[in-house]
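Next comes entry.cif, a file with mmCIF, C-alpha atoms and all ligand atoms.
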```
data_entry
#
loop_
_atom_site.label_atom_id
_atom_site.label_comp_id
_atom_site.auth_asym_id
_atom_site.auth_seq_id
_atom_site.Cartn_x
_atom_site.Cartn_y
_atom_site.Cartn_z
CA MET A 1246 0.00 0.00 0.00
CA ASN A 1247 1.07 3.57 -0.71
CA THR A 1248 2.90 5.29 2.15
CA ILE A 1249 1.56 8.79 2.85
CA VAL A 1250 3.72 9.68 5.85
CA GLU A 1251 7.15 8.31 6.63
CA VAL A 1252 8.82 9.22 9.90
CA SER A 1253 12.29 7.81 10.35
CA HIS A 1254 14.70 8.07 13.25
CA LEU A 1255 13.15 11.27 14.54
CA ASN A 1256 14.92 12.98 17.43
CA LYS A 1257 13.76 16.17 19.08
CA TYR A 1258 15.11 18.06 22.06
CA TYR A 1259 13.54 20.87 24.06
CA GLY A 1260 16.78 22.42 25.32
CA SER A 1261 18.60 19.52 26.91
CA TYR A 1262 15.41 17.44 27.31
CA HIS A 1263 15.35 14.58 24.80
CA VAL A 1264 11.63 14.43 24.03
CA LEU A 1265 11.53 12.20 20.93
CA LYS A 1266 13.99 9.34 20.85
CA ASP A 1267 14.62 7.77 17.46
CA VAL A 1268 10.92 7.54 16.57
CA SER A 1269 10.06 5.74 13.32
CA PHE A 1270 6.68 4.82 11.85
CA ASN A 1271 4.76 5.12 8.63
CA VAL A 1272 1.17 5.78 7.68
CA LYS A 1273 -0.44 4.05 4.70
CA ALA A 1274 -2.93 5.58 2.30
CA GLY A 1275 -6.51 5.24 3.46
CA GLU A 1276 -5.89 4.11 7.01
CA ILE A 1277 -6.58 5.68 10.38
CA PHE A 1278 -3.29 5.54 12.26
CA GLY A 1279 -3.43 6.06 16.01
CA LEU A 1280 -0.62 7.58 18.04
CA LEU A 1281 -1.31 6.45 21.56
CA GLY A 1282 0.45 7.53 24.74
CA MET A 1283 0.06 8.99 28.20
CA ASN A 1284 0.15 12.74 28.84
CA GLY A 1285 3.61 14.00 28.02
CA ALA A 1286 4.64 10.96 25.95
CA GLY A 1287 5.44 13.12 22.92
CA LYS A 1288 2.34 12.76 20.72
CA THR A 1289 1.78 16.48 20.08
CA THR A 1290 5.49 17.02 19.51
CA SER A 1291 5.54 14.19 16.93
CA LEU A 1292 2.49 15.60 15.15
CA GLU A 1293 3.91 19.13 15.13
CA CYS A 1294 7.11 17.82 13.53
CA ILE A 1295 5.02 16.10 10.82
CA GLU A 1296 2.93 19.25 10.36
CA GLY A 1297 6.06 21.34 9.89
CA PHE A 1298 5.36 23.55 12.92
CA LEU A 1299 8.38 22.31 14.84
CA LYS A 1300 11.97 21.83 13.82
CA TYR A 1301 13.45 18.49 14.80
CA ASP A 1302 17.06 17.76 15.56
CA SER A 1303 17.68 14.68 13.46
CA GLY A 1304 15.84 12.12 11.38
CA HIS A 1305 13.63 12.48 8.36
CA ILE A 1306 9.92 13.06 7.68
CA SER A 1307 8.21 12.86 4.33
CA THR A 1308 4.54 13.51 3.61
CA LYS A 1309 2.56 13.18 0.39
CA GLY A 1310 -0.32 15.35 -0.73
CA HIS A 1311 -2.40 18.08 0.85
CA MET A 1312 -2.51 18.04 4.65
CA ALA A 1313 -5.19 19.42 6.95
CA ILE A 1314 -4.59 19.86 10.66
CA GLN A 1315 -6.70 20.12 13.76
CA LEU A 1316 -4.61 21.30 16.68
CA GLN A 1317 -5.25 20.41 20.30
CA ASN A 1318 -6.25 23.93 21.27
CA GLU A 1319 -7.64 26.14 18.58
CA SER A 1320 -9.54 29.36 18.92
CA LEU A 1321 -11.30 32.04 16.90
CA PRO A 1322 -12.35 35.58 17.83
CA ALA A 1323 -15.31 35.55 20.25
CA TYR A 1324 -17.74 37.52 18.10
CA ILE A 1325 -17.12 35.90 14.72
CA LYS A 1326 -20.17 34.04 13.41
CA VAL A 1327 -19.81 30.46 12.22
CA SER A 1328 -20.96 31.50 8.73
CA GLU A 1329 -18.38 34.32 8.67
CA ALA A 1330 -15.56 32.03 9.73
CA LEU A 1331 -16.49 29.54 7.00
CA THR A 1332 -16.70 32.26 4.34
CA LEU A 1333 -13.38 33.74 5.46
CA PHE A 1334 -11.59 30.39 5.30
CA SER A 1335 -13.12 29.38 1.97
CA LYS A 1336 -12.04 32.69 0.41
CA TRP A 1337 -8.60 32.33 1.90
CA LYS A 1338 -8.28 28.78 0.52
CA LYS A 1339 -9.97 29.78 -2.76
CA VAL A 1340 -12.56 26.99 -2.64
CA SER A 1341 -16.33 26.97 -2.45
CA LEU A 1342 -18.05 25.68 0.66
CA SER A 1343 -19.27 22.09 0.50
CA HIS A 1344 -22.86 21.80 1.70
CA ARG A 1345 -22.29 18.08 2.24
CA LEU A 1346 -19.37 18.78 4.59
CA LEU A 1347 -21.37 21.29 6.64
CA GLN A 1348 -24.28 18.90 6.81
CA SER A 1349 -22.22 15.89 7.83
CA LEU A 1350 -20.61 17.90 10.64
CA GLY A 1351 -23.93 19.35 11.80
CA ILE A 1352 -22.67 22.88 11.13
CA ILE A 1353 -25.77 23.89 9.18
CA PHE A 1354 -27.70 24.37 12.42
CA ILE A 1355 -25.21 26.71 14.06
CA MET A 1356 -24.36 28.99 11.13
CA SER A 1357 -25.69 32.17 12.76
CA LYS A 1358 -24.13 31.58 16.18
CA GLN A 1359 -21.11 33.49 17.40
CA TYR A 1360 -17.98 31.52 18.26
CA GLN A 1361 -18.34 32.39 21.96
CA GLN A 1362 -21.83 30.88 21.98
CA LEU A 1363 -20.69 27.42 20.81
CA SER A 1364 -20.26 24.39 23.04
CA THR A 1365 -16.92 22.57 23.12
CA GLY A 1366 -18.25 19.93 20.72
CA GLN A 1367 -19.61 22.56 18.33
CA LYS A 1368 -16.27 24.38 18.37
CA ARG A 1369 -14.49 21.10 17.59
CA ARG A 1370 -16.79 20.43 14.67
CA LEU A 1371 -16.35 23.96 13.35
CA HIS A 1372 -12.56 23.68 13.52
CA LEU A 1373 -12.77 20.32 11.77
CA ALA A 1374 -14.93 21.88 9.04
CA LEU A 1375 -12.40 24.71 8.65
CA ALA A 1376 -9.56 22.19 8.40
CA LEU A 1377 -11.48 20.23 5.77
CA ILE A 1378 -12.53 23.20 3.63
CA LYS A 1379 -9.88 22.45 1.05
CA GLN A 1380 -10.29 18.72 0.68
CA PRO A 1381 -7.16 17.12 2.12
CA ASN A 1382 -5.89 13.61 1.51
CA LEU A 1383 -4.23 13.60 4.94
CA LEU A 1384 -5.88 14.79 8.13
CA ILE A 1385 -4.00 15.15 11.43
CA LEU A 1386 -6.11 15.22 14.57
CA ASP A 1387 -4.62 15.91 18.01
CA GLU A 1388 -6.91 14.57 20.75
CA PRO A 1389 -10.03 15.32 18.68
CA THR A 1390 -12.53 14.18 21.30
CA ALA A 1391 -10.93 15.68 24.43
CA GLY A 1392 -13.57 17.46 26.48
CA LEU A 1393 -16.53 16.00 24.60
CA ASP A 1394 -19.38 14.06 26.20
CA VAL A 1395 -20.15 10.49 25.13
CA ALA A 1396 -22.64 11.50 22.43
CA GLY A 1397 -20.23 14.11 21.06
CA ARG A 1398 -17.42 11.58 20.99
CA LEU A 1399 -19.46 8.99 19.15
CA ALA A 1400 -20.69 11.56 16.64
CA LEU A 1401 -17.13 12.68 15.97
CA HIS A 1402 -16.02 9.04 15.62
CA ASP A 1403 -18.70 8.58 12.94
CA THR A 1404 -17.47 11.71 11.16
CA ILE A 1405 -13.89 10.42 11.24
CA ARG A 1406 -15.01 7.06 9.78
CA THR A 1407 -16.98 8.86 7.06
CA LEU A 1408 -13.90 10.89 6.14
CA GLN A 1409 -11.92 7.68 5.88
CA LYS A 1410 -14.57 6.22 3.54
CA GLN A 1411 -14.18 9.35 1.41
CA GLY A 1412 -10.52 8.45 1.00
CA VAL A 1413 -8.87 10.67 3.61
CA THR A 1414 -5.88 9.19 5.45
CA ILE A 1415 -6.00 10.12 9.13
CA ILE A 1416 -3.45 10.33 11.94
CA LEU A 1417 -4.99 10.63 15.34
CA ALA A 1418 -3.29 11.25 18.67
CA SER A 1419 -5.08 10.07 21.77
CA HIS A 1420 -4.42 8.81 25.26
CA ASP A 1421 -7.63 6.79 25.16
CA MET A 1422 -7.01 3.14 24.31
CA SER A 1423 -10.69 2.41 23.61
CA GLU A 1424 -10.96 5.34 21.19
CA VAL A 1425 -7.90 4.23 19.29
CA GLU A 1426 -9.07 0.60 19.33
CA SER A 1427 -12.45 1.44 17.85
CA LEU A 1428 -11.17 3.84 15.16
CA CYS A 1429 -7.70 2.86 14.07
CA GLN A 1430 -6.37 0.12 11.80
CA ARG A 1431 -2.79 0.48 13.04
CA ILE A 1432 -1.30 2.16 16.06
CA GLY A 1433 2.00 3.32 17.48
CA ILE A 1434 2.46 3.55 21.22
CA LEU A 1435 4.71 6.30 22.53
CA LYS A 1436 6.20 6.05 26.00
CA GLU A 1437 8.51 8.77 27.28
CA GLY A 1438 9.40 9.73 23.72
CA GLN A 1439 10.07 6.22 22.48
CA LEU A 1440 7.89 4.21 20.15
CA VAL A 1441 7.53 1.06 22.22
CA PHE A 1442 5.01 -0.75 20.01
N1 LIG B 1 7.84 23.92 24.29
C1 LIG B 1 8.26 23.02 25.18
N2 LIG B 1 9.36 23.22 25.92
C2 LIG B 1 9.82 22.30 26.79
N3 LIG B 1 9.22 21.10 27.02
C3 LIG B 1 8.12 20.85 26.31
C4 LIG B 1 7.57 21.78 25.36
N4 LIG B 1 6.47 21.21 24.81
C5 LIG B 1 6.33 20.01 25.39
N5 LIG B 1 7.31 19.77 26.30
C6 LIG B 1 7.51 18.55 27.08
O1 LIG B 1 7.70 17.49 26.16
C7 LIG B 1 7.03 16.31 26.58
C8 LIG B 1 6.09 15.84 25.48
O2 LIG B 1 5.05 16.78 25.31
P1 LIG B 1 3.88 16.56 24.25
O3 LIG B 1 2.99 17.73 24.32
O4 LIG B 1 4.46 16.20 22.93
O5 LIG B 1 3.18 15.27 24.86
P2 LIG B 1 1.78 14.60 24.53
O6 LIG B 1 2.01 13.14 24.42
O7 LIG B 1 1.15 15.27 23.37
O8 LIG B 1 0.96 14.93 25.86
P3 LIG B 1 -0.59 15.30 26.09
O9 LIG B 1 -1.35 14.01 25.97
O10 LIG B 1 -0.57 15.83 27.50
O11 LIG B 1 -0.96 16.33 25.07
C9 LIG B 1 6.35 16.67 27.89
O12 LIG B 1 7.16 16.22 28.94
C10 LIG B 1 6.28 18.18 27.87
O13 LIG B 1 6.34 18.69 29.17
#
```
Could you spell out this file's structure in structure tokens?
Amino acid sequence: MNTIVEVSHLNKYYGSYHVLKDVSFNVKAGEIFGLLGMNGAGKTTSLECIEGFLKYDSGHISTKGHMAIQLQNESLPAYIKVSEALTLFSKWKKVSLSHRLLQSLGIIFIMSKQYQQLSTGQKRRLHLALALIKQPNLLILDEPTAGLDVAGRLALHDTIRTLQKQGVTIILASHDMSEVESLCQRIGILKEGQLVF
């Protein structure tokens, strides 16, 4: 199968702290790959290296295609309306808004709300919609269901599976074994910066 992301012998230091220790894994086209680990294991750092947000000290990363990212903590101005945020992003990315995307994420019903009026789950879905505006072939999700209730989690799991069916390759960081078990085809387990499985 086609490899979309290849991470080999990745090392990253924060000052003298060796946070990623010779981490290697690859992600195949069409799969949901789970990066599992306790708080502080190095999941976000690994993802940020793949995303190009962080410089790493040694090793190599290659990615293929157009990447979309949902960060762990994202925010928009308090008073911006959902519809305005979507219009802004679609103009910026020079694409037209997909009604199907907004419908599948349940965004249609919150179009006139201000960002500050959204629940955590609604904010998550909006940020996911913004990430997906320009159809990616690779989606990186950092703890996508953190802070959501059970119904919100399950709904987001369905959305993630639907995206996979549409051909999107997904990397997902989580500390929740059951979430990773139910969503992912392959996983990597990080422990104190080392890929132990
Ligand atoms: N900018 C930074 N400077 C120094 N240390 C950092 C920095 N960012 C993260 N760390 C440390 O690096 C380690 C890995 O952090 P990282 O955020 O990658 O872990 P994580 O697996 O994503 O954790 P979580 O599940 O809590 O998000 C932690 O010990 C953290 O304290």
Next on the checklist: Just to confirm, what's the straight-line distance from CA of Arg1431 (chain A) to CA of Asn1271 (chain A) in Å (one decimal)?
Outcome noted: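 Distance between the two atoms: 9.9 Å.
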Item to check | Given only C-alpha atoms as the counted atoms, nearest of A:Leu1399, A:Leu1333, A:Asn1284, A:Leu1347 to Ser1427 (chain A) | outcome: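 Counting only C-alpha atoms, the residue closest to Ser1427 (chain A) is A:Leu1399.
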Checklist entry - Using only C-alpha atoms, which of the listed residues (A:Gly1310, A:Arg1398, A:Lys1266, A:Thr1365) sits closest to Ser1423 (chain A)? => result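 Smallest separation from Ser1423 (chain A) among the options: A:Arg1398.
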Polymer residues at most 7 Å from (-7.3, 19.2, 5.9) by only C-alpha atoms, as a JSON list (two decimals) with C-alpha atoms, in the frame of the given file:
```
[["chain", "number", "residue", "atom", "x", "y", "z"],
["A", 1312, "MET", "CA", -2.51, 18.04, 4.65],
["A", 1313, "ALA", "CA", -5.19, 19.42, 6.95],
["A", 1314, "ILE", "CA", -4.59, 19.86, 10.66],
["A", 1376, "ALA", "CA", -9.56, 22.19, 8.40],
["A", 1377, "LEU", "CA", -11.48, 20.23, 5.77],
["A", 1378, "ILE", "CA", -12.53, 23.20, 3.63],
["A", 1379, "LYS", "CA", -9.88, 22.45, 1.05],
["A", 1380, "GLN", "CA", -10.29, 18.72, 0.68],
["A", 1381, "PRO", "CA", -7.16, 17.12, 2.12],
["A", 1383, "LEU", "CA", -4.23, 13.60, 4.94],
["A", 1384, "LEU", "CA", -5.88, 14.79, 8.13]]
```
Item to check | Exercise answer, 7 Å around ligand LIG 1 (chain B) with only C-alpha atoms and all ligand atoms, as a count of residues only | outcome: 14
Item to check | Gap from CA of Leu1393 (chain A) to CA of Lys1273 (chain A) - Å, one decimal | outcome: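 Interatomic distance, CA of Leu1393 (chain A) to CA of Lys1273 (chain A): 28.2 Å.
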Next on the checklist: At a cut-off of 9 Å, using all atoms listed in the file, what residues contact Val1250 (chain A)? Leave out same-chain residues fewer than 5 positions from it and give the result as a PyMOL selection string.
Outcome noted: chain A and resi 1270-1274+1295+1306-1309+1383
Next on the checklist: Residues near Gly1279 (chain A), anyone? I mean within 7 Å using only C-alpha atoms, not counting same-chain ones fewer than 5 positions away, as a list of chain:residue names.
Outcome noted: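 Counting only C-alpha atoms, the residues come to A:Ile1416, A:Leu1417, A:Ala1418, A:Val1425, A:Cys1429, A:Arg1431, A:Ile1432, A:Gly1433.
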Checklist entry - Looking at A:Ser1341, A:Gln1317, A:Glu1424, A:Leu1331, which one is nearest to Leu1386 (chain A), with distances taken over all atoms listed in the file? => result A:Gln1317
Checklist outcome for this item: Atom pair CA of Ser1357 (chain A) + CA of Ala1330 (chain A), distance 10.6 Å
Item to check | Shortest interatomic distance to Asn1382 (chain A) - which of A:Asp1421, A:Glu1276, A:Glu1329, A:Glu1426, counting only C-alpha atoms | outcome: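 Once distances to Asn1382 (chain A) are computed over only C-alpha atoms, the minimum belongs to A:Glu1276.
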Next on the checklist: Counting all atoms listed in the file, which residue out of A:Tyr1301, A:Gln1348, A:Leu1375, A:Lys1368 sits closest to Lys1336 (chain A)?
Outcome noted: A:Leu1375
Item to check | Counting all atoms listed in the file, the residue of A:His1254, A:Lys1358, A:Ile1353, A:Ala1374 that sits nearest Ser1335 (chain A) | outcome: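 When distances to Ser1335 (chain A) are compared using all atoms listed in the file, the smallest one comes from A:Ala1374.
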Checklist entry - Quick one: residues within 8 Å of Leu1265 (chain A), only C-alpha atoms counted, chain neighbours fewer than 5 positions away excluded, as a list in words? => result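 So the residues in contact are Leu1255, Asn1256, Lys1257, Tyr1258, Gly1287, Thr1290, Ser1291, Glu1437, Gly1438 and Gln1439 of chain A.
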Next on the checklist: Taking 3 positions as the minimum chain separation for residues in the same chain, which residues sit within 12 Å of Gln1362 (chain A) when counting only C-alpha atoms? Answer as a ChimeraX atom specification.
Outcome noted: /A:1321-1327,1355-1359,1365-1368
For region 1304-1323 of chain A, supply N, CA and C atoms and format the output as a tab-separated table (two decimals), in the coordinates of the input.
```
chain	number	residue	atom	x	y	z
A	1304	GLY	N	16.84	13.01	11.94
A	1304	GLY	CA	15.84	12.12	11.38
A	1304	GLY	C	15.25	12.71	10.12
A	1305	HIS	N	14.20	12.06	9.64
A	1305	HIS	CA	13.63	12.48	8.36
A	1305	HIS	C	12.11	12.26	8.39
A	1306	ILE	N	11.38	13.22	7.81
A	1306	ILE	CA	9.92	13.06	7.68
A	1306	ILE	C	9.54	13.38	6.25
A	1307	SER	N	8.76	12.50	5.64
A	1307	SER	CA	8.21	12.86	4.33
A	1307	SER	C	6.70	12.68	4.34
A	1308	THR	N	6.00	13.60	3.70
A	1308	THR	CA	4.54	13.51	3.61
A	1308	THR	C	4.15	13.71	2.15
A	1309	LYS	N	3.04	13.06	1.77
A	1309	LYS	CA	2.56	13.18	0.39
A	1309	LYS	C	1.20	13.83	0.37
A	1310	GLY	N	1.01	14.79	-0.50
A	1310	GLY	CA	-0.32	15.35	-0.73
A	1310	GLY	C	-0.64	16.55	0.14
A	1311	HIS	N	-1.93	16.87	0.17
A	1311	HIS	CA	-2.40	18.08	0.85
A	1311	HIS	C	-2.87	17.72	2.26
A	1312	MET	N	-2.27	18.38	3.25
A	1312	MET	CA	-2.51	18.04	4.65
A	1312	MET	C	-3.45	19.04	5.31
A	1313	ALA	N	-4.37	18.54	6.11
A	1313	ALA	CA	-5.19	19.42	6.95
A	1313	ALA	C	-4.92	19.04	8.40
A	1314	ILE	N	-5.01	20.05	9.27
A	1314	ILE	CA	-4.59	19.86	10.66
A	1314	ILE	C	-5.64	20.36	11.61
A	1315	GLN	N	-5.93	19.57	12.65
A	1315	GLN	CA	-6.70	20.12	13.76
A	1315	GLN	C	-5.84	20.06	15.01
A	1316	LEU	N	-5.50	21.23	15.52
A	1316	LEU	CA	-4.61	21.30	16.68
A	1316	LEU	C	-5.38	20.98	17.95
A	1317	GLN	N	-4.61	20.75	19.03
A	1317	GLN	CA	-5.25	20.41	20.30
A	1317	GLN	C	-6.09	21.57	20.83
A	1318	ASN	N	-5.51	22.76	20.78
A	1318	ASN	CA	-6.25	23.93	21.27
A	1318	ASN	C	-6.31	24.97	20.18
A	1319	GLU	N	-7.49	25.14	19.63
A	1319	GLU	CA	-7.64	26.14	18.58
A	1319	GLU	C	-8.67	27.14	19.05
A	1320	SER	N	-8.60	28.35	18.50
A	1320	SER	CA	-9.54	29.36	18.92
A	1320	SER	C	-9.79	30.36	17.79
A	1321	LEU	N	-10.95	30.98	17.85
A	1321	LEU	CA	-11.30	32.04	16.90
A	1321	LEU	C	-11.78	33.23	17.71
A	1322	PRO	N	-11.85	34.42	17.09
A	1322	PRO	CA	-12.35	35.58	17.83
A	1322	PRO	C	-13.78	35.32	18.36
A	1323	ALA	N	-14.06	35.84	19.55
A	1323	ALA	CA	-15.31	35.55	20.25
A	1323	ALA	C	-16.56	35.89	19.44
```
